[in-house]
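Text of input-v5.cif, listed as mmCIF, C-alpha atoms and all ligand atoms:
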```cif
data_my_file
#
loop_
_atom_site.label_atom_id
_atom_site.label_comp_id
_atom_site.auth_asym_id
_atom_site.auth_seq_id
_atom_site.Cartn_x
_atom_site.Cartn_y
_atom_site.Cartn_z
CA MET A 1 -12.81 -19.60 5.26
CA ASP A 2 -11.51 -17.19 7.90
CA THR A 3 -8.69 -15.75 5.84
CA LYS A 4 -7.46 -13.67 8.77
CA ALA A 5 -6.52 -16.89 10.51
CA ILE A 6 -4.53 -18.31 7.60
CA GLY A 7 -0.92 -18.57 8.62
CA GLY A 8 -1.66 -17.40 12.18
CA ARG A 9 0.14 -14.61 14.01
CA SER A 10 3.83 -15.10 14.59
CA ALA A 11 7.15 -13.38 14.26
CA GLU A 12 7.39 -14.49 10.63
CA ALA A 13 7.97 -12.01 7.82
CA ALA A 14 5.06 -9.75 7.01
CA ILE A 15 5.82 -10.42 3.36
CA CYS A 16 8.09 -13.11 2.03
CA ALA A 17 8.65 -12.65 -1.70
CA ARG A 18 10.69 -15.23 -3.59
CA GLY A 19 11.77 -15.27 -7.22
CA ILE A 20 9.32 -12.59 -8.30
CA THR A 21 9.35 -11.94 -12.01
CA ARG A 22 6.77 -10.01 -13.97
CA ASP A 23 6.47 -9.67 -17.72
CA PHE A 24 4.24 -7.31 -19.69
CA LYS A 25 3.25 -7.66 -23.32
CA ALA A 26 4.29 -4.71 -25.45
CA GLY A 27 2.87 -5.34 -28.93
CA GLN A 28 4.50 -8.49 -30.30
CA SER A 29 7.23 -8.54 -27.69
CA THR A 30 7.36 -9.17 -23.97
CA ILE A 31 9.23 -6.96 -21.54
CA ARG A 32 10.46 -8.26 -18.22
CA VAL A 33 9.94 -5.58 -15.58
CA LEU A 34 10.91 -7.56 -12.47
CA HIS A 35 13.84 -9.96 -12.67
CA GLY A 36 13.56 -12.41 -9.79
CA ILE A 37 13.17 -10.43 -6.59
CA ASP A 38 13.75 -12.10 -3.23
CA THR A 39 12.95 -10.00 -0.21
CA ASP A 40 11.33 -10.15 3.20
CA ILE A 41 9.33 -7.25 4.58
CA LYS A 42 9.55 -7.27 8.36
CA PRO A 43 6.68 -6.62 10.73
CA GLY A 44 7.08 -3.59 12.97
CA GLU A 45 8.85 -1.63 10.26
CA MET A 46 8.11 1.05 7.74
CA THR A 47 9.83 -0.06 4.55
CA PHE A 48 10.38 2.44 1.75
CA VAL A 49 10.78 1.31 -1.86
CA VAL A 50 12.60 3.90 -3.92
CA GLY A 51 14.09 4.02 -7.39
CA GLU A 52 13.95 5.73 -10.75
CA SER A 53 10.70 6.04 -12.62
CA GLY A 54 10.07 2.79 -14.48
CA SER A 55 12.27 0.67 -12.18
CA GLY A 56 9.28 -1.50 -11.22
CA LYS A 57 8.24 -0.13 -7.81
CA THR A 58 4.49 -0.02 -8.42
CA THR A 59 4.60 -3.41 -10.14
CA LEU A 60 6.41 -4.91 -7.14
CA ILE A 61 4.09 -3.53 -4.46
CA SER A 62 1.03 -4.47 -6.52
CA ILE A 63 2.28 -8.06 -6.56
CA MET A 64 3.10 -7.92 -2.85
CA CYS A 65 -0.42 -6.87 -1.94
CA GLY A 66 -2.33 -9.35 -4.06
CA ILE A 67 -3.62 -7.21 -6.90
CA LEU A 68 -1.22 -8.17 -9.70
CA TRP A 69 -0.19 -11.76 -10.40
CA PRO A 70 3.55 -12.39 -10.77
CA THR A 71 4.66 -14.15 -13.92
CA ASP A 72 6.72 -16.35 -11.65
CA GLY A 73 7.48 -16.55 -7.94
CA GLU A 74 5.76 -16.79 -4.61
CA VAL A 75 4.40 -14.18 -2.19
CA LYS A 76 3.50 -15.03 1.38
CA VAL A 77 1.69 -12.34 3.35
CA PHE A 78 1.77 -13.15 7.07
CA GLY A 79 2.37 -16.76 6.11
CA THR A 80 -0.37 -17.07 3.50
CA ASP A 81 0.72 -17.98 -0.01
CA ILE A 82 -1.66 -15.46 -1.55
CA TYR A 83 -1.49 -16.53 -5.17
CA LYS A 84 -2.45 -20.06 -4.15
CA LEU A 85 -5.77 -18.80 -2.76
CA SER A 86 -8.91 -18.99 -4.84
CA ASP A 87 -10.13 -15.68 -6.28
CA ALA A 88 -12.80 -15.39 -3.59
CA GLU A 89 -10.33 -16.21 -0.81
CA LEU A 90 -7.87 -13.64 -2.14
CA VAL A 91 -10.58 -10.96 -2.21
CA ASN A 92 -11.44 -11.75 1.41
CA PHE A 93 -7.80 -11.88 2.41
CA ARG A 94 -7.17 -8.44 0.94
CA LEU A 95 -10.29 -7.02 2.53
CA GLU A 96 -9.33 -8.26 5.97
CA ASN A 97 -5.58 -7.78 5.93
CA ILE A 98 -4.45 -5.15 3.46
CA GLY A 99 -5.00 -1.43 3.03
CA PHE A 100 -3.94 0.31 -0.18
CA ILE A 101 -3.21 3.93 -0.95
CA PHE A 102 -2.54 4.30 -4.65
CA GLN A 103 -1.83 7.34 -6.79
CA GLN A 104 -5.35 7.13 -8.23
CA TYR A 105 -7.58 7.68 -5.22
CA ASN A 106 -10.57 5.82 -6.76
CA LEU A 107 -13.10 7.49 -4.48
CA ILE A 108 -16.76 6.76 -5.19
CA PRO A 109 -18.07 10.06 -6.64
CA SER A 110 -21.67 9.76 -5.45
CA ILE A 111 -21.00 9.30 -1.70
CA ASP A 112 -19.44 11.72 0.77
CA ALA A 113 -15.96 11.63 2.27
CA ALA A 114 -17.01 9.79 5.46
CA ALA A 115 -18.85 7.11 3.48
CA ASN A 116 -15.86 6.68 1.15
CA ALA A 117 -13.51 6.29 4.10
CA ALA A 118 -15.94 3.81 5.71
CA VAL A 119 -16.14 1.47 2.68
CA PRO A 120 -13.86 -1.32 4.04
CA LEU A 121 -15.79 -1.46 7.33
CA ILE A 122 -19.15 -1.58 5.56
CA ALA A 123 -17.79 -4.28 3.24
CA GLN A 124 -16.84 -6.25 6.37
CA GLY A 125 -20.43 -5.97 7.61
CA MET A 126 -20.25 -3.13 10.13
CA ARG A 127 -23.37 -1.02 10.59
CA VAL A 128 -23.22 2.09 8.40
CA GLY A 129 -23.62 4.56 11.29
CA GLU A 130 -20.82 2.98 13.32
CA ALA A 131 -18.58 2.71 10.26
CA ARG A 132 -19.13 6.40 9.46
CA GLU A 133 -18.22 7.39 13.03
CA LYS A 134 -14.95 5.45 12.86
CA ALA A 135 -14.19 6.94 9.45
CA LYS A 136 -14.93 10.44 10.73
CA ALA A 137 -12.53 10.00 13.65
CA LEU A 138 -9.75 9.23 11.19
CA LEU A 139 -10.69 12.15 8.96
CA GLU A 140 -10.37 14.35 12.09
CA LYS A 141 -6.88 13.00 12.72
CA LEU A 142 -6.02 13.83 9.12
CA ASN A 143 -7.32 17.37 9.66
CA ILE A 144 -10.28 17.09 7.29
CA GLY A 145 -13.02 16.25 9.78
CA ASP A 146 -14.91 19.33 8.61
CA GLN A 147 -15.02 17.91 5.07
CA ALA A 148 -16.68 14.61 6.07
CA ASP A 149 -20.03 15.42 4.44
CA LYS A 150 -18.59 16.63 1.14
CA LEU A 151 -18.57 14.71 -2.11
CA PRO A 152 -15.15 13.92 -3.61
CA ASN A 153 -15.53 16.53 -6.37
CA GLN A 154 -16.01 19.20 -3.69
CA LEU A 155 -12.57 18.40 -2.23
CA SER A 156 -9.08 19.46 -3.32
CA GLY A 157 -6.65 16.83 -4.59
CA GLY A 158 -4.82 16.74 -1.24
CA GLN A 159 -8.11 16.37 0.65
CA GLN A 160 -9.22 13.53 -1.63
CA GLN A 161 -5.91 11.84 -0.98
CA ARG A 162 -6.45 12.07 2.77
CA VAL A 163 -9.88 10.45 2.34
CA ALA A 164 -8.15 7.65 0.44
CA ILE A 165 -5.63 7.36 3.27
CA ALA A 166 -8.43 7.15 5.85
CA ARG A 167 -10.12 4.43 3.76
CA ALA A 168 -6.85 2.46 3.68
CA LEU A 169 -6.41 2.62 7.46
CA VAL A 170 -9.95 2.53 8.83
CA HIS A 171 -10.18 -1.25 9.21
CA GLU A 172 -6.72 -1.36 10.84
CA PRO A 173 -5.22 -3.76 8.30
CA ARG A 174 -2.10 -5.72 9.12
CA LEU A 175 -0.39 -4.59 5.94
CA VAL A 176 -0.61 -1.08 4.52
CA VAL A 177 0.80 -0.44 1.07
CA CYS A 178 1.15 3.12 -0.22
CA ASP A 179 2.25 4.54 -3.56
CA GLU A 180 3.53 8.13 -3.13
CA PRO A 181 1.36 8.98 -0.09
CA THR A 182 2.86 12.44 0.40
CA ALA A 183 3.49 13.57 -3.17
CA ALA A 184 0.43 15.85 -3.37
CA LEU A 185 0.83 17.26 0.15
CA ASP A 186 2.73 20.19 1.66
CA THR A 187 5.49 19.30 4.13
CA SER A 188 3.41 19.54 7.32
CA SER A 189 0.42 17.61 5.88
CA GLY A 190 2.88 15.01 4.58
CA ARG A 191 4.41 14.62 8.04
CA ARG A 192 0.93 14.29 9.57
CA VAL A 193 0.10 11.48 7.12
CA MET A 194 3.38 9.75 7.90
CA ASP A 195 2.76 10.06 11.66
CA LEU A 196 -0.67 8.52 11.23
CA LEU A 197 0.72 5.72 9.08
CA ARG A 198 3.26 4.95 11.77
CA GLU A 199 0.61 5.05 14.49
CA VAL A 200 -1.83 2.76 12.68
CA ALA A 201 0.30 0.66 10.39
CA VAL A 202 3.49 -0.06 12.30
CA ALA A 203 3.26 -2.56 15.14
CA GLU A 204 4.68 -5.91 16.11
CA ASP A 205 2.22 -7.78 13.90
CA ARG A 206 1.80 -5.14 11.19
CA ALA A 207 3.84 -3.68 8.40
CA CYS A 208 3.82 -0.74 6.06
CA ILE A 209 5.42 -0.40 2.62
CA ILE A 210 5.75 2.99 1.00
CA VAL A 211 6.83 3.74 -2.55
CA THR A 212 8.12 7.28 -2.64
CA HIS A 213 10.26 9.79 -4.50
CA ASP A 214 9.77 12.30 -1.69
CA ASN A 215 13.18 12.96 -0.18
CA ARG A 216 11.51 15.11 2.52
CA ILE A 217 10.44 11.87 4.23
CA PHE A 218 13.39 9.53 3.61
CA ASP A 219 14.50 10.03 7.23
CA LEU A 220 11.26 8.37 8.41
CA ALA A 221 12.08 4.97 6.91
CA ASP A 222 13.10 2.04 9.08
CA ARG A 223 14.38 0.32 5.98
CA ILE A 224 14.96 1.35 2.39
CA LEU A 225 14.92 -0.93 -0.65
CA VAL A 226 16.26 0.58 -3.86
CA LEU A 227 14.98 -0.88 -7.11
CA GLU A 228 16.95 -0.51 -10.32
CA ASP A 229 15.69 -2.04 -13.54
CA GLY A 230 13.58 -4.59 -11.74
CA LEU A 231 16.15 -5.71 -9.18
CA VAL A 232 16.77 -4.76 -5.56
CA THR A 233 20.20 -3.11 -5.57
CA HIS A 234 20.24 -1.78 -2.00
CA ASP A 235 18.62 -2.95 1.22
CA GLY A 236 19.50 -0.94 4.31
CA THR A 237 18.43 1.45 7.02
CA ASP A 238 19.58 4.50 5.01
CA MET A 239 19.73 5.62 1.42
CA PRO A 240 22.85 4.39 -0.36
CA ASP A 241 25.77 6.81 -0.67
CA GLY A 242 25.34 9.35 -3.43
CA HIS A 243 21.54 9.68 -3.09
N1 LIG A 301 0.21 -2.92 -17.54
C1 LIG A 301 1.39 -2.69 -18.10
N2 LIG A 301 1.60 -3.00 -19.40
C2 LIG A 301 2.81 -2.79 -19.99
N3 LIG A 301 3.88 -2.27 -19.33
C3 LIG A 301 3.71 -1.93 -18.05
C4 LIG A 301 2.48 -2.12 -17.36
N4 LIG A 301 2.64 -1.70 -16.07
C5 LIG A 301 3.90 -1.27 -15.98
N5 LIG A 301 4.55 -1.40 -17.16
C6 LIG A 301 5.95 -1.05 -17.42
O1 LIG A 301 6.74 -1.60 -16.39
C7 LIG A 301 7.81 -0.72 -16.04
C8 LIG A 301 7.77 -0.48 -14.54
O2 LIG A 301 6.58 0.22 -14.23
P1 LIG A 301 6.23 0.64 -12.73
O3 LIG A 301 4.98 1.46 -12.79
O4 LIG A 301 6.24 -0.55 -11.89
O5 LIG A 301 7.47 1.56 -12.38
P2 LIG A 301 7.68 2.59 -11.18
O6 LIG A 301 9.06 2.36 -10.69
O7 LIG A 301 6.57 2.44 -10.20
O8 LIG A 301 7.57 3.99 -11.93
P3 LIG A 301 7.02 5.42 -11.40
O9 LIG A 301 8.01 5.87 -10.34
O10 LIG A 301 7.10 6.28 -12.62
O11 LIG A 301 5.63 5.23 -10.88
C9 LIG A 301 7.62 0.53 -16.88
O12 LIG A 301 8.48 0.45 -17.99
C10 LIG A 301 6.18 0.46 -17.31
O13 LIG A 301 5.99 1.09 -18.54
#
```
Can you give me the file's structure in the form of structure tokens?
Amino acid sequence: MDTKAIGGRSAEAAICARGITRDFKAGQSTIRVLHGIDTDIKPGEMTFVVGESGSGKTTLISIMCGILWPTDGEVKVFGTDIYKLSDAELVNFRLENIGFIFQQYNLIPSIDAAANAAVPLIAQGMRVGEAREKAKALLEKLNIGDQADKLPNQLSGGQQQRVAIARALVHEPRLVVCDEPTAALDTSSGRRVMDLLREVAVAEDRACIIVTHDNRIFDLADRILVLEDGLVTHDGTDMPDGH
């Protein structure tokens, strides 16, 4: 199935989440981490998800991007009800439509930076040489073009993160989901990453969600959702008063 075509392109929400709950087992008991979240993520916007540690931010974005099943609720990504897809369809859907930047960079240790950044293109069937060239162009934009031939363990933490960012963006996914993309970076590198995210990930038919504690970048949000104890308590263009 051509999962890119599911739902078609329209002005619909990039993500439509309804009634999202998520429970985790903790020994004999069960803890509810998300308590029935309803929200729409709009295309053409950079949406920040902020909140105290443990409020459920990573759990929520993991559910929104098809890597963690909700206990209850429905998630449509560009019109596709992703948890109704078969496992194979969901894998394809993610590969075609979603780029992730998580706190663990999960780079492949035995291949160089350009090859790591090229992984989504190679997985989609692009020739390795062409995929590497595209990946290298992004590494240049992220100011680490000169590190393209290095293995991950020859790179600093911030450089590894930029390779992970290039890997998330290289196939120009419609949805980019990032967990703390600037936390390990100095202010100017962080701004560069945010500029690139806006350039690649924000367009009429694309969307970008960023979990962050980094108040240096709050002014870059088009929309801010605040999570408290598994519920959205603020949804606006600015941080709520007192933050
Ligand atoms: N796999 C899991 N098993 C059990 N509990 C979990 C699991 N994943 C998350 N939790 C719990 O769910 C709650 C929310 O976690 P989550 O990582 O979503 O929070 P967060 O807001 O992203 O926190 P942080 O800002 O520290 O990354 C926490 O209490 C956490 O311990």
Output as a tab-separated table one row per residue of chain A within 10 Å of ligand LIG 301 (chain A): the closest atom pair and its distance in Å to one decimal place, counting only C-alpha atoms and all ligand atoms, sorted by chain and residue number ascending.
```
residue	atom	partner	partner_atom	distance
A:Arg22	CA	A:LIG301	O1	8.8
A:Asp23	CA	A:LIG301	N3	8.0
A:Phe24	CA	A:LIG301	C2	4.8
A:Lys25	CA	A:LIG301	C2	5.9
A:Ala26	CA	A:LIG301	C2	6.0
A:Gly27	CA	A:LIG301	C2	9.3
A:Thr30	CA	A:LIG301	C2	8.8
A:Ile31	CA	A:LIG301	N3	7.5
A:Arg32	CA	A:LIG301	O1	7.8
A:Val33	CA	A:LIG301	O1	5.2
A:Leu34	CA	A:LIG301	C8	8.0
A:Val49	CA	A:LIG301	O6	9.1
A:Val50	CA	A:LIG301	O6	7.8
A:Gly51	CA	A:LIG301	O6	6.2
A:Glu52	CA	A:LIG301	O6	5.9
A:Ser53	CA	A:LIG301	O9	3.5
A:Gly54	CA	A:LIG301	O5	3.6
A:Ser55	CA	A:LIG301	O6	3.9
A:Gly56	CA	A:LIG301	O4	3.3
A:Lys57	CA	A:LIG301	O7	3.9
A:Thr58	CA	A:LIG301	O7	3.7
A:Thr59	CA	A:LIG301	O4	3.7
A:Leu60	CA	A:LIG301	O4	6.4
A:Ile61	CA	A:LIG301	O4	8.3
A:Ser62	CA	A:LIG301	O4	8.4
A:Leu68	CA	A:LIG301	N1	9.5
A:Gln103	CA	A:LIG301	O11	8.8
A:Asp179	CA	A:LIG301	O11	8.1
A:Glu180	CA	A:LIG301	O11	8.5
A:Val211	CA	A:LIG301	O7	7.8
A:Thr212	CA	A:LIG301	O9	7.8
A:His213	CA	A:LIG301	O9	7.4
A:Leu227	CA	A:LIG301	O6	7.6
A:Glu228	CA	A:LIG301	O6	8.4
A:Asp229	CA	A:LIG301	C8	8.1
A:Gly230	CA	A:LIG301	C8	7.6
```
Set the distance at 8 Å and use only C-alpha atoms: which residues neighbour range 136-150 of chain A once local chain neighbours fewer than 3 positions away are removed? I'd like the list as an mmCIF file with C-alpha atoms, keeping the file's coordinate frame.
```cif
data_model
loop_
_atom_site.group_PDB
_atom_site.id
_atom_site.type_symbol
_atom_site.label_atom_id
_atom_site.label_comp_id
_atom_site.auth_asym_id
_atom_site.auth_seq_id
_atom_site.Cartn_x
_atom_site.Cartn_y
_atom_site.Cartn_z
ATOM 1 C CA ASP A 112 -19.440 11.720 0.770
ATOM 2 C CA ALA A 113 -15.960 11.630 2.270
ATOM 3 C CA ALA A 114 -17.010 9.790 5.460
ATOM 4 C CA ALA A 117 -13.510 6.290 4.100
ATOM 5 C CA ARG A 132 -19.130 6.400 9.460
ATOM 6 C CA GLU A 133 -18.220 7.390 13.030
ATOM 7 C CA GLN A 154 -16.010 19.200 -3.690
ATOM 8 C CA LEU A 155 -12.570 18.400 -2.230
ATOM 9 C CA GLN A 159 -8.110 16.370 0.650
ATOM 10 C CA ARG A 162 -6.450 12.070 2.770
ATOM 11 C CA VAL A 163 -9.880 10.450 2.340
ATOM 12 C CA ALA A 166 -8.430 7.150 5.850
ATOM 13 C CA VAL A 170 -9.950 2.530 8.830
ATOM 14 C CA ARG A 192 0.930 14.290 9.570
ATOM 15 C CA VAL A 193 0.100 11.480 7.120
ATOM 16 C CA LEU A 196 -0.670 8.520 11.230
#
```
>> I'd like the interatomic distance between CA of Pro240 in chain A and CA of Thr182 in chain A, to a tenth of an Å.
In response: 21.6 Å
> In Å, how far is it from CA of Ile122 in chain A to CA of Leu90 in chain A?
Replying inline: 18.2 Å
>> Please report the interatomic distance between CA of Met126 in chain A and CA of Arg167 in chain A in Å with one decimal.
In response: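 A separation of 14.2 Å between them.
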> Do you know which residues are at most 9 Å from Glu12 in chain A counting only C-alpha atoms, after dropping those on the same chain fewer than 3 positions away, and could you put them as number ranges by chain?
Replying inline: A: 9, 15-16, 42-43, 78-79
> Smallest atom-to-atom distance to Pro181 in chain A: which of A:Ala131, A:Ile101, A:Val119, A:Ile82, using all atoms listed in the file?
Replying inline: A:Ile101
